[in-house]
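Peer 1: One file is attached below, query15.pdb, containing PDB, C-alpha atoms.
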```
ATOM      1  CA  MET U   1     -17.722  15.663  35.699
ATOM      2  CA  PHE U   2     -16.226  18.062  33.140
ATOM      3  CA  LYS U   3     -12.680  16.844  33.918
ATOM      4  CA  LEU U   4     -13.783  13.210  33.468
ATOM      5  CA  LYS U   5     -15.361  13.940  30.055
ATOM      6  CA  LYS U   6     -12.255  15.865  28.965
ATOM      7  CA  ALA U   7      -9.994  12.982  30.071
ATOM      8  CA  LEU U   8     -12.136  10.466  28.159
ATOM      9  CA  ILE U   9     -12.048  12.576  25.006
ATOM     10  CA  VAL U  10      -8.250  13.009  25.201
ATOM     11  CA  THR U  11      -7.833   9.247  25.779
ATOM     12  CA  ALA U  12     -10.092   8.400  22.825
ATOM     13  CA  LEU U  13      -8.211  10.780  20.514
ATOM     14  CA  SER U  14      -4.858   9.379  21.621
ATOM     15  CA  CYS U  15      -6.007   5.805  20.959
ATOM     16  CA  SER U  16      -7.356   6.853  17.567
ATOM     17  CA  MET U  17      -3.985   8.289  16.557
ATOM     18  CA  VAL U  18      -2.109   5.174  17.724
ATOM     19  CA  PHE U  19      -4.381   2.765  15.843
ATOM     20  CA  SER U  20      -4.343   4.663  12.538
ATOM     21  CA  ALA U  21      -0.640   4.034  12.013
ATOM     22  CA  GLN U  22      -0.818   3.809   8.219
ATOM     23  CA  SER U  23      -1.349   7.533   7.996
ATOM     24  CA  ALA U  24       1.246   8.448  10.658
ATOM     25  CA  PHE U  25       4.297   8.128   8.402
ATOM     26  CA  ALA U  26       4.965   9.092   4.801
ATOM     27  CA  ALA U  27       7.764   8.577   2.306
ATOM     28  CA  SER U  28       8.343   9.194  -1.384
ATOM     29  CA  GLU U  29       8.814   6.785  -4.241
ATOM     30  CA  VAL U  30      12.457   6.182  -5.143
ATOM     31  CA  GLU U  31      13.300   5.710  -8.833
ATOM     32  CA  PRO U  32      14.246   3.543 -10.545
ATOM     33  CA  ASN U  33      11.603   1.061  -9.407
ATOM     34  CA  ASN U  34      10.336  -0.019 -12.824
ATOM     35  CA  SER U  35      10.867  -3.783 -12.449
ATOM     36  CA  ILE U  36      10.510  -6.443  -9.813
ATOM     37  CA  THR U  37      14.304  -6.635  -9.467
ATOM     38  CA  ALA U  38      14.469  -2.860  -8.867
ATOM     39  CA  ALA U  39      11.390  -2.778  -6.604
ATOM     40  CA  GLN U  40      11.534  -0.256  -3.773
ATOM     41  CA  SER U  41      11.559  -1.902  -0.328
ATOM     42  CA  ILE U  42       8.793  -0.485   1.848
ATOM     43  CA  SER U  43       7.571  -0.763   5.425
ATOM     44  CA  ILE U  44       4.126  -1.907   6.547
ATOM     45  CA  ASN U  45       1.726   0.882   7.636
ATOM     46  CA  THR U  46       3.695   3.636   5.899
ATOM     47  CA  ASN U  47       2.317   5.853   3.128
ATOM     48  CA  TYR U  48       4.374   6.186  -0.042
ATOM     49  CA  PHE U  49       3.720   8.918  -2.587
ATOM     50  CA  GLY U  50       4.631   8.258  -6.205
ATOM     51  CA  THR U  51       4.306   9.808  -9.643
ATOM     52  CA  PHE U  52       4.115   8.246 -13.091
ATOM     53  CA  SER U  53       6.776  10.040 -15.113
ATOM     54  CA  SER U  54       5.749   8.523 -18.467
ATOM     55  CA  THR U  55       2.886   6.533 -19.949
ATOM     56  CA  SER U  56       5.021   3.370 -19.767
ATOM     57  CA  ASP U  57       6.163   3.930 -16.153
ATOM     58  CA  LYS U  58       5.274   1.004 -13.859
ATOM     59  CA  ASP U  59       6.181   1.306 -10.208
ATOM     60  CA  TRP U  60       7.178  -1.712  -8.106
ATOM     61  CA  TYR U  61       7.312  -2.064  -4.319
ATOM     62  CA  LYS U  62       8.316  -5.046  -2.166
ATOM     63  CA  PHE U  63       8.050  -5.977   1.494
ATOM     64  CA  THR U  64       8.492  -8.859   3.938
ATOM     65  CA  ILE U  65       5.837  -9.804   6.493
ATOM     66  CA  SER U  66       7.091  -9.944  10.081
ATOM     67  CA  THR U  67       3.788 -10.611  11.866
ATOM     68  CA  PRO U  68       1.299 -13.192  10.534
ATOM     69  CA  GLY U  69      -2.193 -11.894   9.828
ATOM     70  CA  ASP U  70      -4.514 -10.115   7.424
ATOM     71  CA  TYR U  71      -3.034  -7.469   5.145
ATOM     72  CA  GLN U  72      -4.082  -5.279   2.262
ATOM     73  CA  MET U  73      -2.151  -3.514  -0.473
ATOM     74  CA  VAL U  74      -3.785  -0.184  -1.348
ATOM     75  CA  VAL U  75      -3.275   2.419  -4.048
ATOM     76  CA  GLN U  76      -5.277   5.635  -3.764
ATOM     77  CA  ASN U  77      -6.002   7.719  -6.839
ATOM     78  CA  PRO U  78      -6.214  11.265  -5.514
ATOM     79  CA  SER U  79      -5.257  12.958  -8.784
ATOM     80  CA  GLY U  80      -7.960  11.412 -10.957
ATOM     81  CA  GLY U  81      -5.689   8.713 -12.324
ATOM     82  CA  ASP U  82      -6.747   5.197 -13.187
ATOM     83  CA  TYR U  83      -4.328   2.816 -11.463
ATOM     84  CA  TYR U  84      -4.433  -0.765 -10.345
ATOM     85  CA  ILE U  85      -2.325  -3.140  -8.266
ATOM     86  CA  VAL U  86      -0.842  -6.396  -9.516
ATOM     87  CA  PRO U  87       0.262  -8.416  -6.451
ATOM     88  CA  TRP U  88       3.160 -10.917  -6.459
ATOM     89  CA  LYS U  89       4.493 -13.403  -3.902
ATOM     90  CA  LEU U  90       7.913 -15.046  -3.718
ATOM     91  CA  ILE U  91       7.214 -18.794  -3.813
ATOM     92  CA  GLY U  92      10.131 -21.230  -3.966
ATOM     93  CA  GLY U  93      12.480 -18.520  -5.224
ATOM     94  CA  THR U  94      10.134 -17.451  -8.056
ATOM     95  CA  TRP U  95       7.950 -14.348  -8.125
ATOM     96  CA  THR U  96       4.378 -15.532  -8.760
ATOM     97  CA  ASN U  97       1.392 -13.348  -9.669
ATOM     98  CA  ILE U  98      -1.249 -13.858  -6.954
ATOM     99  CA  TYR U  99      -4.003 -11.683  -8.412
ATOM    100  CA  SER U 100      -7.481 -13.032  -7.672
ATOM    101  CA  SER U 101     -10.807 -11.405  -8.447
ATOM    102  CA  THR U 102     -12.045 -12.602  -5.027
ATOM    103  CA  THR U 103      -9.342 -10.697  -3.111
ATOM    104  CA  HIS U 104      -9.147  -7.627  -5.363
ATOM    105  CA  LEU U 105     -11.483  -4.731  -4.578
ATOM    106  CA  THR U 106     -12.166  -1.287  -5.929
ATOM    107  CA  VAL U 107     -13.557   0.996  -3.230
ATOM    108  CA  GLY U 108     -14.224   4.532  -4.400
ATOM    109  CA  SER U 109     -10.936   5.701  -5.882
ATOM    110  CA  ASN U 110      -8.928   2.995  -4.062
ATOM    111  CA  ASP U 111      -7.621  -0.197  -5.657
ATOM    112  CA  ILE U 112      -7.128  -2.875  -2.965
ATOM    113  CA  THR U 113      -5.803  -6.436  -2.752
ATOM    114  CA  GLN U 114      -6.413  -8.307   0.524
ATOM    115  CA  PHE U 115      -4.511 -11.389   1.692
ATOM    116  CA  PHE U 116      -3.443 -13.459   4.699
ATOM    117  CA  SER U 117       0.267 -13.997   5.254
ATOM    118  CA  GLY U 118       2.605 -15.872   7.537
ATOM    119  CA  ALA U 119       5.755 -14.366   9.035
ATOM    120  CA  GLY U 120       8.761 -14.176   6.724
ATOM    121  CA  GLU U 121       6.776 -14.275   3.478
ATOM    122  CA  GLN U 122       7.886 -11.840   0.765
ATOM    123  CA  TYR U 123       5.538  -9.879  -1.474
ATOM    124  CA  ALA U 124       5.778  -7.283  -4.197
ATOM    125  CA  PHE U 125       3.226  -5.252  -6.090
ATOM    126  CA  GLN U 126       3.228  -3.369  -9.324
ATOM    127  CA  ILE U 127       1.195  -0.200  -9.775
ATOM    128  CA  ILE U 128       0.130   0.244 -13.360
ATOM    129  CA  ASN U 129      -1.142   3.497 -14.838
ATOM    130  CA  ARG U 130      -4.175   2.742 -17.044
ATOM    131  CA  ASN U 131      -4.452   6.426 -17.899
ATOM    132  CA  SER U 132      -2.405   7.929 -20.721
ATOM    133  CA  SER U 133      -1.549  10.992 -18.641
ATOM    134  CA  VAL U 134       1.849  11.610 -17.048
ATOM    135  CA  ASN U 135       2.850  13.309 -13.806
ATOM    136  CA  LEU U 136      -0.149  11.773 -12.066
ATOM    137  CA  GLN U 137       0.410  11.242  -8.363
ATOM    138  CA  TYR U 138      -0.773   8.392  -6.173
ATOM    139  CA  ASN U 139      -0.530   7.228  -2.585
ATOM    140  CA  THR U 140       0.155   3.596  -1.707
ATOM    141  CA  TYR U 141       0.634   1.528   1.443
ATOM    142  CA  VAL U 142       0.442  -1.987   2.850
ATOM    143  CA  GLU U 143      -1.705  -2.241   5.946
ATOM    144  CA  HIS U 144      -1.883  -4.917   8.650
ATOM    145  CA  TYR U 145      -5.484  -4.923   9.862
TER     146      TYR U 145
END
```
Would you mind writing the file's structure down as C-alpha cells?
Peer 2:
Amino acid sequence: MFKLKKALIVTALSCSMVFSAQSAFAASEVEPNNSITAAQSISINTNYFGTFSSTSDKDWYKFTISTPGDYQMVVQNPSGGDYYIVPWKLIGGTWTNIYSSTTHLTVGSNDITQFFSGAGEQYAFQIINRNSSVNLQYNTYVEHY
C-alpha cells in the first residue's frame, strides 16, 4: 500500500511539472525592443524577465501562434511597479491594437489580456510602465491554456 501511494504521489508531481510549462523556462529581455519594429521575438510558455531602464522605456514582444486555441498575455509586477499590456495583432500587413476591456483583466499584481487565435496569426504586445520609477523589473509570458 505504501509503495502504491508513493507511486501515485510521484506520478502526480511529474504531471504537475509537465503541465506548468510556462514556469519551466526563463529568458531575459533583449534591448533594444522599444518599438513594434524592434520587438523581441518570444516563445509561448516561456517566462521573460525585463527591466524599465528609463521612465520613457516601453518594451515590445512579438510571437506567432502555431497551435489554434485560447491564449493569454501576462505581465507580473513583482517589484511593485504599475505596468499594463497593450496587445496588437498583424491584420492584412498592418499592426492593429486589439485592446478590449472585455478581454483585459487585472488579477492581483498581474495584467492579463486573453484571446483566441488560429494557427499562423502574429501578435505583439507593448508593456508600458505607468510608474515614474526606473530599474523596475517585471516578468512576462504568453500562455496557451
Peer 1: For the structure provided, state which residues fall under the PyMOL selection byres ((chain U and resi 76) around 6), and present them as a PyMOL selection string.
Peer 2: chain U and resi 75+77-78+110+138-139
Peer 1: Would you list the contacts of Thr106 in chain U as a PyMOL selection string, taking every protein, DNA or RNA residue within 12 Å and counting all atoms listed in the file, but skipping same-chain residues closer than 4 positions in sequence?
Peer 2: chain U and resi 73-77+82-85+101-102+110-114
Peer 1: Just to confirm, what's the straight-line distance from CA of Ile36 in chain U to CA of Ser53 in chain U in Å (one decimal)?
Peer 2: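 Going from CA of Ile36 in chain U over to CA of Ser53 in chain U, I get 17.7 Å.
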Peer 1: So what do you get for CA of Tyr145 in chain U versus CA of Asp57 in chain U, distance-wise?
Peer 2: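 Between CA of Tyr145 in chain U and CA of Asp57 in chain U the gap is 29.8 Å.
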Peer 1: What is the distance, in Å and to one decimal place, between CA of Glu29 in chain U and CA of Gly92 in chain U?
Peer 2: 28.0 Å
Peer 1: Care to translate the PyMOL selection byres ((chain U and resi 26) around 12) into actual residues of this file, as a PyMOL selection string?
Peer 2: chain U and resi 21-25+27-29+42-50+139-141
Peer 1: When the PyMOL selection byres ((chain U and resi 127) around 7) is applied to the structure above, which residues does it catch, written out as a PyMOL selection string?
Peer 2: chain U and resi 58-60+83-86+125-126+128-129
Peer 1: How would you write as an NGL selection string the residues that get within 12 Å of (8.9, -13.0, -9.1) in the file's frame, counting only C-alpha atoms?
Peer 2: :U and (35-39 or 60 or 62 or 86-98 or 122-126)
Peer 1: From (-2.3, -12.0, 12.0), in the file's coordinates, out to 8 Å: which residues are reached, counting all atoms listed in the file? Answer as a compact mmCIF listing (two decimals) with C-alpha atoms, keeping the file's coordinate frame.
Peer 2:
```txt
# COMPACT_ATOMS: atom_id res chain seq x y z
CA THR U 67 3.79 -10.61 11.87
CA PRO U 68 1.30 -13.19 10.53
CA GLY U 69 -2.19 -11.89 9.83
CA ASP U 70 -4.51 -10.12 7.42
CA PHE U 116 -3.44 -13.46 4.70
CA SER U 117 0.27 -14.00 5.25
CA GLY U 118 2.60 -15.87 7.54
CA HIS U 144 -1.88 -4.92 8.65
```
Peer 1: Which one is closest to Arg130 in chain U: U:Ser41, U:Asn33, U:Thr64, U:Ser54? Count all atoms listed in the file.
Peer 2: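 Looking at the shortest contact to Arg130 in chain U, the residue is U:Ser54.
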